[in-house]
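Text of target-v6.txt (compact mmCIF, N, CA and C atoms) as supplied:
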# COMPACT_ATOMS: atom_id res chain seq x y z
N MET A 99 0.84 -1.16 0.00
CA MET A 99 0.00 0.00 0.00
C MET A 99 0.90 1.24 0.00
N ALA A 100 0.77 2.09 -0.97
CA ALA A 100 1.60 3.30 -1.07
C ALA A 100 1.02 4.40 -0.19
N LYS A 101 1.90 5.09 0.51
CA LYS A 101 1.53 6.21 1.37
C LYS A 101 2.62 7.26 1.28
N THR A 102 2.47 8.29 2.06
CA THR A 102 3.54 9.27 2.22
C THR A 102 3.76 9.51 3.70
N TRP A 103 4.97 9.91 4.05
CA TRP A 103 5.32 10.27 5.41
C TRP A 103 6.16 11.53 5.32
N GLN A 104 5.71 12.59 5.94
CA GLN A 104 6.38 13.89 5.88
C GLN A 104 6.64 14.31 4.44
N GLY A 105 5.67 14.03 3.56
CA GLY A 105 5.76 14.44 2.17
C GLY A 105 6.61 13.55 1.29
N LEU A 106 7.16 12.46 1.83
CA LEU A 106 8.02 11.57 1.06
C LEU A 106 7.30 10.26 0.79
N PRO A 107 7.58 9.62 -0.35
CA PRO A 107 6.95 8.33 -0.65
C PRO A 107 7.30 7.28 0.40
N ARG A 108 6.32 6.45 0.71
CA ARG A 108 6.51 5.36 1.67
C ARG A 108 5.66 4.19 1.25
N CYS A 109 6.15 3.01 1.47
CA CYS A 109 5.41 1.80 1.15
C CYS A 109 5.19 1.00 2.43
N ASP A 110 3.94 0.64 2.70
CA ASP A 110 3.60 -0.21 3.84
C ASP A 110 3.22 -1.57 3.29
N MET A 111 3.88 -2.61 3.78
CA MET A 111 3.59 -3.96 3.30
C MET A 111 3.24 -4.86 4.48
N LYS A 112 2.26 -5.71 4.29
CA LYS A 112 1.91 -6.73 5.28
C LYS A 112 2.57 -8.03 4.84
N LEU A 113 3.45 -8.56 5.71
CA LEU A 113 4.17 -9.79 5.39
C LEU A 113 4.02 -10.76 6.55
N GLY A 114 3.28 -11.82 6.35
CA GLY A 114 3.13 -12.84 7.37
C GLY A 114 2.67 -12.30 8.71
N GLY A 115 1.75 -11.36 8.69
CA GLY A 115 1.23 -10.79 9.92
C GLY A 115 2.04 -9.60 10.43
N LEU A 116 3.15 -9.26 9.78
CA LEU A 116 3.97 -8.12 10.17
C LEU A 116 3.77 -6.99 9.18
N THR A 117 3.89 -5.76 9.64
CA THR A 117 3.85 -4.61 8.75
C THR A 117 5.27 -4.10 8.55
N VAL A 118 5.71 -4.02 7.30
CA VAL A 118 7.04 -3.51 6.95
C VAL A 118 6.84 -2.17 6.26
N LEU A 119 7.52 -1.14 6.76
CA LEU A 119 7.44 0.20 6.19
C LEU A 119 8.77 0.53 5.52
N ILE A 120 8.72 0.97 4.28
CA ILE A 120 9.93 1.37 3.56
C ILE A 120 9.72 2.80 3.09
N SER A 121 10.66 3.69 3.45
CA SER A 121 10.53 5.08 3.05
C SER A 121 11.86 5.60 2.52
N THR A 122 11.83 6.79 1.98
CA THR A 122 13.00 7.41 1.36
C THR A 122 13.62 8.44 2.30
N VAL A 123 14.80 8.94 1.93
CA VAL A 123 15.42 10.04 2.66
C VAL A 123 15.17 11.31 1.88
N LYS A 124 15.19 12.43 2.59
CA LYS A 124 15.01 13.69 1.89
C LYS A 124 16.34 14.43 1.84
N GLY A 125 16.46 15.33 0.89
CA GLY A 125 17.67 16.12 0.76
C GLY A 125 18.66 15.49 -0.20
N ASP A 126 19.79 16.14 -0.31
CA ASP A 126 20.89 15.69 -1.16
C ASP A 126 21.54 14.45 -0.53
N LEU A 127 21.66 13.38 -1.29
CA LEU A 127 22.23 12.14 -0.75
C LEU A 127 23.64 12.33 -0.22
N GLN A 128 24.41 13.22 -0.80
CA GLN A 128 25.76 13.47 -0.30
C GLN A 128 25.72 14.11 1.08
N GLU A 129 24.74 14.99 1.31
CA GLU A 129 24.62 15.64 2.62
C GLU A 129 24.10 14.67 3.67
N THR A 130 23.13 13.85 3.31
CA THR A 130 22.53 12.96 4.30
C THR A 130 23.48 11.84 4.72
N ALA A 131 24.47 11.53 3.90
CA ALA A 131 25.37 10.43 4.23
C ALA A 131 26.14 10.68 5.53
N GLY A 132 26.38 11.95 5.89
CA GLY A 132 27.12 12.26 7.11
C GLY A 132 26.24 12.49 8.32
N ASP A 133 24.94 12.47 8.15
CA ASP A 133 23.99 12.75 9.23
C ASP A 133 23.39 11.44 9.72
N HIS A 134 23.73 11.02 10.95
CA HIS A 134 23.25 9.74 11.48
C HIS A 134 21.73 9.61 11.40
N SER A 135 21.01 10.70 11.64
CA SER A 135 19.55 10.60 11.64
C SER A 135 18.98 10.45 10.23
N ALA A 136 19.79 10.66 9.21
CA ALA A 136 19.32 10.51 7.83
C ALA A 136 20.28 9.65 7.03
N GLN A 137 20.87 8.65 7.68
CA GLN A 137 21.89 7.84 7.03
C GLN A 137 21.33 7.04 5.86
N LEU A 138 22.20 6.71 4.94
CA LEU A 138 21.82 5.84 3.84
C LEU A 138 21.80 4.41 4.33
N GLY A 139 21.01 3.58 3.73
CA GLY A 139 20.85 2.22 4.21
C GLY A 139 19.73 2.20 5.24
N ILE A 140 19.78 1.26 6.15
CA ILE A 140 18.70 1.17 7.12
C ILE A 140 18.97 2.14 8.27
N ASN A 141 18.00 2.97 8.55
CA ASN A 141 18.08 3.91 9.68
C ASN A 141 17.45 3.28 10.91
N HIS A 142 16.25 2.75 10.73
CA HIS A 142 15.60 2.07 11.85
C HIS A 142 14.52 1.14 11.33
N PHE A 143 14.13 0.22 12.18
CA PHE A 143 12.96 -0.61 11.90
C PHE A 143 12.17 -0.66 13.19
N GLY A 144 10.94 -1.10 13.09
CA GLY A 144 10.10 -1.05 14.27
C GLY A 144 9.30 -2.31 14.51
N PHE A 145 8.89 -2.42 15.76
CA PHE A 145 8.00 -3.49 16.17
C PHE A 145 6.77 -2.87 16.82
N ARG A 146 5.63 -3.40 16.49
CA ARG A 146 4.41 -2.99 17.17
C ARG A 146 4.30 -3.82 18.44
N VAL A 147 3.99 -3.16 19.55
CA VAL A 147 3.81 -3.85 20.82
C VAL A 147 2.38 -3.62 21.29
N ASP A 148 1.84 -4.59 22.01
CA ASP A 148 0.48 -4.47 22.52
C ASP A 148 0.41 -3.57 23.75
N ASP A 149 1.47 -3.58 24.56
CA ASP A 149 1.50 -2.81 25.80
C ASP A 149 2.89 -2.20 25.96
N MET A 150 3.01 -0.89 25.68
CA MET A 150 4.31 -0.22 25.72
C MET A 150 4.95 -0.31 27.09
N ASP A 151 4.18 -0.06 28.16
CA ASP A 151 4.75 -0.08 29.50
C ASP A 151 5.32 -1.46 29.84
N GLU A 152 4.59 -2.49 29.51
CA GLU A 152 5.04 -3.86 29.77
C GLU A 152 6.30 -4.18 28.96
N ALA A 153 6.31 -3.79 27.68
CA ALA A 153 7.47 -4.04 26.82
C ALA A 153 8.70 -3.31 27.34
N CYS A 154 8.54 -2.06 27.76
CA CYS A 154 9.68 -1.28 28.26
C CYS A 154 10.22 -1.88 29.55
N THR A 155 9.34 -2.27 30.44
CA THR A 155 9.77 -2.88 31.70
C THR A 155 10.58 -4.14 31.44
N GLU A 156 10.08 -4.99 30.54
CA GLU A 156 10.77 -6.24 30.22
C GLU A 156 12.13 -5.98 29.57
N LEU A 157 12.17 -5.04 28.61
CA LEU A 157 13.43 -4.77 27.91
C LEU A 157 14.46 -4.13 28.84
N LYS A 158 14.03 -3.19 29.68
CA LYS A 158 14.97 -2.56 30.63
C LYS A 158 15.54 -3.58 31.60
N ALA A 159 14.72 -4.54 32.03
CA ALA A 159 15.18 -5.60 32.93
C ALA A 159 16.27 -6.45 32.27
N LYS A 160 16.26 -6.48 30.94
CA LYS A 160 17.27 -7.25 30.19
C LYS A 160 18.46 -6.39 29.78
N GLY A 161 18.49 -5.13 30.24
CA GLY A 161 19.63 -4.26 29.97
C GLY A 161 19.59 -3.50 28.66
N VAL A 162 18.44 -3.47 28.01
CA VAL A 162 18.32 -2.76 26.74
C VAL A 162 18.42 -1.25 26.99
N VAL A 163 19.17 -0.55 26.14
CA VAL A 163 19.36 0.90 26.25
C VAL A 163 18.29 1.62 25.42
N PHE A 164 17.56 2.51 26.06
CA PHE A 164 16.56 3.32 25.38
C PHE A 164 17.18 4.63 24.94
N THR A 165 17.09 4.94 23.65
CA THR A 165 17.58 6.21 23.15
C THR A 165 16.46 7.25 23.15
N GLN A 166 15.23 6.80 23.25
CA GLN A 166 14.07 7.69 23.38
C GLN A 166 13.04 6.97 24.25
N GLU A 167 12.77 7.50 25.41
CA GLU A 167 11.74 6.93 26.28
C GLU A 167 10.39 7.09 25.58
N PRO A 168 9.39 6.31 25.97
CA PRO A 168 8.08 6.39 25.32
C PRO A 168 7.48 7.80 25.38
N VAL A 169 6.93 8.21 24.25
CA VAL A 169 6.21 9.48 24.13
C VAL A 169 4.93 9.24 23.36
N ASP A 170 3.95 10.09 23.58
CA ASP A 170 2.73 10.05 22.78
C ASP A 170 2.98 10.81 21.50
N TYR A 171 2.67 10.19 20.37
CA TYR A 171 2.90 10.83 19.07
C TYR A 171 1.77 10.47 18.12
N LYS A 172 0.97 11.46 17.80
CA LYS A 172 -0.11 11.31 16.83
C LYS A 172 -1.00 10.10 17.11
N GLY A 173 -1.41 9.95 18.36
CA GLY A 173 -2.32 8.87 18.71
C GLY A 173 -1.66 7.54 18.99
N ALA A 174 -0.33 7.51 19.02
CA ALA A 174 0.40 6.27 19.31
C ALA A 174 1.43 6.54 20.40
N LYS A 175 1.91 5.49 21.03
CA LYS A 175 3.05 5.60 21.93
C LYS A 175 4.26 5.09 21.16
N VAL A 176 5.36 5.84 21.20
CA VAL A 176 6.56 5.50 20.44
C VAL A 176 7.78 5.59 21.34
N ALA A 177 8.68 4.62 21.21
CA ALA A 177 9.97 4.63 21.91
C ALA A 177 11.02 4.08 20.96
N PHE A 178 12.28 4.38 21.25
CA PHE A 178 13.38 3.86 20.44
C PHE A 178 14.43 3.23 21.34
N ILE A 179 14.97 2.10 20.90
CA ILE A 179 16.04 1.43 21.62
C ILE A 179 17.27 1.31 20.72
N GLU A 180 18.40 1.10 21.35
CA GLU A 180 19.67 1.00 20.62
C GLU A 180 19.86 -0.40 20.07
N GLY A 181 20.07 -0.48 18.77
CA GLY A 181 20.31 -1.76 18.13
C GLY A 181 21.74 -1.86 17.64
N PRO A 182 22.11 -2.99 17.07
CA PRO A 182 23.47 -3.16 16.55
C PRO A 182 23.73 -2.29 15.33
N ASP A 183 24.98 -1.96 15.12
CA ASP A 183 25.41 -1.20 13.93
C ASP A 183 24.69 0.12 13.76
N ARG A 184 24.42 0.80 14.89
CA ARG A 184 23.77 2.12 14.87
C ARG A 184 22.36 2.08 14.30
N VAL A 185 21.76 0.94 14.19
CA VAL A 185 20.38 0.85 13.71
C VAL A 185 19.45 1.04 14.90
N SER A 186 18.57 2.00 14.80
CA SER A 186 17.63 2.29 15.86
C SER A 186 16.42 1.38 15.70
N ILE A 187 15.90 0.90 16.83
CA ILE A 187 14.73 0.02 16.79
C ILE A 187 13.57 0.75 17.45
N GLU A 188 12.51 0.91 16.70
CA GLU A 188 11.32 1.63 17.17
C GLU A 188 10.32 0.64 17.76
N LEU A 189 9.75 1.03 18.88
CA LEU A 189 8.64 0.31 19.46
C LEU A 189 7.42 1.22 19.35
N VAL A 190 6.31 0.69 18.87
CA VAL A 190 5.12 1.53 18.71
C VAL A 190 3.89 0.77 19.19
N GLU A 191 3.08 1.46 19.95
CA GLU A 191 1.80 0.91 20.41
C GLU A 191 0.71 1.80 19.83
N PHE A 192 -0.19 1.21 19.05
CA PHE A 192 -1.35 1.97 18.52
C PHE A 192 -2.55 1.09 18.42
Can you turn what I pasted into structure tokens?
Amino acid sequence: MAKTWQGLPRCDMKLGGLTVLISTVKGDLQETAGDHSAQLGINHFGFRVDDMDEACTELKAKGVVFTQEPVDYKGAKVAFIEGPDRVSIELVEF
């Protein structure tokens, strides 16, 4: 299903019960290559959770580092954790 996010093309795909979102970067590719938040390749991927508080409690107990504590964002709860190779992992409850 084609959509847009912040004015940029995005594709949402349902695969085996999972939703995969693929989007583009904005700006000059040479400029974005040096900016971690707009890096080329994979920037982040996400998991939908049924209960953000429960998921955060469980992950923190296992030593997971949160780069963004849960916040309310456009009707959803969103948090980010540190993944390998500078890939950010998003947790979202909606």
Go ahead and compute the interatomic distance for atom C of A:Phe192 and atom CA of A:Glu156, in Å to one decimal.
19.2 Å
Please provide the set of residues having any atom within 12 Å of stretch 169-171 of chain A, restricted to only C-alpha atoms, with same-chain residues fewer than 4 positions apart removed, written as a ChimeraX atom specification.
/A:150-151,165,175-178,188-192
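Computed from the coordinates, the atom C of A:Thr122 to atom C of A:His142 distance equals 11.6 Å.
Atom CA of A:Gly115 is positioned 11.1 Å from atom CA of A:Arg146.
Shortest separation to A:Phe145 among A:Val185, A:Gly105, A:Val118, A:Lys112 occurs at residue A:Val118, atoms counted being only C-alpha atoms.
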